[in-house]
Amino acid sequence: MAKSKTAFVCTECGSEYARWLGQCNDCKAWNTISEFRQAKSPSRGGNFSGFAGITEAKVQTLDSIDLGELPRFSSGYQEFDRVLGGGIVPGSAILIGGEPGAGKSTLLLQTMCSLAASMPALYITGEESLQQVAMRAKRLGLATDKLKMLSETSVENICNIAEKEQPKIIVIDSIQVMHMADVQSAPGSVSQVRESAAYLTRFAKQHHVAMLIVGHVTKDGSLAGPKVLEHCIDCSIMLEGSTDSRYRTLRGHKNRFGAVNELGVFAMTGGGLKEVKNPSAIFLTRSEEQTPGSVVMVLWEGTRPLLVEIQALVDHSALGNPRRVAVGADQNRLSMLLAILNRHGGLQLNDQDVFVNVVGGVKVSETSIDLALILALVSSFKDNALPQDLVIFGEVGLSGEIRPVPSGQERIYEAAKHGFKRAIVPYNNKPKQAIDGMEVIAVKKLSDALEVI
Ligand code: TYD
Ligand code: MG
């Protein structure tokens, strides 16, 4: 018997080590490294035909490679396609990650039922019984006559059956319950997850099948999170959103066929997941009344703008060390902006508690939030509401200068589309032509912006 190879892998970040360590050198997580036994000769570990040696390797020039007739097909959901970079690529392995209950199974069942009308599709459920899936499909009113279902957890059996059925798209729900006979450890362990995913990915490539693999994100060290298999799949997308909120966002984390910073928005309703094609409208349901500390800004998510509301509350602190709390924004950035406001805006908030919240559970990592955040703080501190029809964006530098942000024009257009009448923007983002019904106030320095409001 061939000696099996052993490696040690961090379940948080997927880094590999030759020996066990208490702390991962890369992601600095403790107790996440577990032993990983590779299957015997994994490179030839397939018993489906068309695998060992049938496709002979040969050297080609880039332009002589056959791209196939159909580079991509649509999943039927614009929001899903957007995150995938324009649709599903045949022969690709796509990982859909998310916490249990995020709606991964629901999203994929809806997608597969509609895709099955135009192509052979196979849904493999290892977690739920066939009855459970059928009941859900019936309740959601999906077309159930074409989609082929299989309840199976053995990866070898799945590939053998898929070879006979010849589907164009396969869903594996989920990778944590899949197992291979060659690998000794329990399903869900690092070895099983990695080997199963690698085997399925090879099958997808060889047979030109799009493979959608569900993976649960979990902090528990005994279960391998999707991180450990990110390197072997083509796209990794996450379905995020807390279970107490209606909205779910799909976000690309890795994509070999498109940009990764795209965002897709869905709403979980009684009738399943529904696309939200105009997300700005949902994050902007504001009360009619003007309130101090509330500002609307325009974010840029991938290829489209998104209007979000930023709220700030500045209140006298009873503590010696006042609190600085940021929800949805970066805490360090908030501290930096407070220092800039002090130095270049002449506003001391040292004895004040500062709370900042991005409404709707949106997480902002863009620097264009700076100006909006500062003006929200000032508005709350002075108890002076800003006009409802004002939108603000821009990066603020350490010397109090307002720096331009990418896609400034498009952001202003989006705000105009939603009925905003005034915009405070960086000077270099000022549009060359006037925009109908929009008064653009271009500012160069923080002091200019403070003067305007
Ligand atoms: P599910 O797709 O099973 O999650 P995952 O596969 O990611 O674990 O979704 C489960 C959650 O979605 C569950 O908490 C209930 C909710 N849900 C609805 O609100 N409406 C629906 O129509 C469906 C099918 C699910
Ligand atoms: Mg599920």
# chains A, B, ... in the order shown; residues from 1 in each chain; ligands from 1
$ residues_around --residues "Gln331 (chain A)" --least-positions-apart "4" --cutoff "12 Å" --atoms "only C-alpha atoms" --output "PyMOL selection string"
chain A and resi 323-327+335-338+354-357+363-365+373
$ write_last_selection --atoms "C-alpha atoms" --output "PDB file, in the first residue's frame"
ATOM      1  CA  ARG A 323     -16.892  55.607  23.499  1.00  0.00           C
ATOM      2  CA  ARG A 324     -16.305  55.354  19.763  1.00  0.00           C
ATOM      3  CA  VAL A 325     -18.597  52.788  18.178  1.00  0.00           C
ATOM      4  CA  ALA A 326     -18.921  52.185  14.438  1.00  0.00           C
ATOM      5  CA  VAL A 327     -21.417  49.686  13.013  1.00  0.00           C
ATOM      6  CA  SER A 335     -10.888  57.634  14.988  1.00  0.00           C
ATOM      7  CA  MET A 336      -8.857  59.095  12.141  1.00  0.00           C
ATOM      8  CA  LEU A 337     -11.769  61.230  10.927  1.00  0.00           C
ATOM      9  CA  LEU A 338     -12.363  62.539  14.461  1.00  0.00           C
ATOM     10  CA  VAL A 354     -19.579  58.929  19.235  1.00  0.00           C
ATOM     11  CA  PHE A 355     -21.790  56.304  17.627  1.00  0.00           C
ATOM     12  CA  VAL A 356     -21.952  55.688  13.887  1.00  0.00           C
ATOM     13  CA  ASN A 357     -24.302  53.342  12.063  1.00  0.00           C
ATOM     14  CA  LYS A 363     -20.866  47.262   5.424  1.00  0.00           C
ATOM     15  CA  VAL A 364     -18.900  50.130   3.931  1.00  0.00           C
ATOM     16  CA  SER A 365     -15.219  49.616   3.249  1.00  0.00           C
ATOM     17  CA  LEU A 373     -19.367  60.570   8.075  1.00  0.00           C
TER      18      LEU A 373
END
$ residues_near_ligand --ligand "ligand 2" --cutoff "9 Å" --atoms "only C-alpha atoms and all ligand atoms" --output "PyMOL selection string"
chain A and resi 100-106+125+127-128+173-174+214+216
$ write_last_selection --atoms "C-alpha atoms" --output "PDB file, in the first residue's frame"
ATOM      1  CA  PRO A 100     -26.603  27.811   7.923  1.00  0.00           C
ATOM      2  CA  GLY A 101     -30.027  29.348   7.242  1.00  0.00           C
ATOM      3  CA  ALA A 102     -28.715  32.063   4.941  1.00  0.00           C
ATOM      4  CA  GLY A 103     -30.764  30.653   2.061  1.00  0.00           C
ATOM      5  CA  LYS A 104     -28.194  28.809  -0.051  1.00  0.00           C
ATOM      6  CA  SER A 105     -30.404  25.793  -0.662  1.00  0.00           C
ATOM      7  CA  THR A 106     -33.372  28.030  -1.448  1.00  0.00           C
ATOM      8  CA  THR A 125     -28.953  16.787  -1.770  1.00  0.00           C
ATOM      9  CA  GLU A 127     -28.451  17.265   3.863  1.00  0.00           C
ATOM     10  CA  GLU A 128     -32.164  17.301   3.289  1.00  0.00           C
ATOM     11  CA  ASP A 173     -25.653  20.516  -1.264  1.00  0.00           C
ATOM     12  CA  SER A 174     -23.415  20.514   0.705  1.00  0.00           C
ATOM     13  CA  VAL A 214     -22.593  24.633  -1.214  1.00  0.00           C
ATOM     14  CA  HIS A 216     -21.247  26.152   5.252  1.00  0.00           C
TER      15      HIS A 216
END
$ residues_around --residues "region 82-87 of chain A" --least-positions-apart "4" --cutoff "12 Å" --atoms "only C-alpha atoms" --output "PyMOL selection string"
chain A and resi 70-78+92-96+210+212+234-239+249-265+275+277+301-304
$ closest_residue --among "A:Lys146, A:Arg343, A:Lys205, A:His418" --to "Leu306 (chain A)" --atoms "only C-alpha atoms"
A:His418
$ residues_around --residues "region 412-414 of chain A" --least-positions-apart "3" --cutoff "8 Å" --atoms "only C-alpha atoms" --output "PyMOL selection string"
chain A and resi 298+305-307+408-409+417-418+423+435
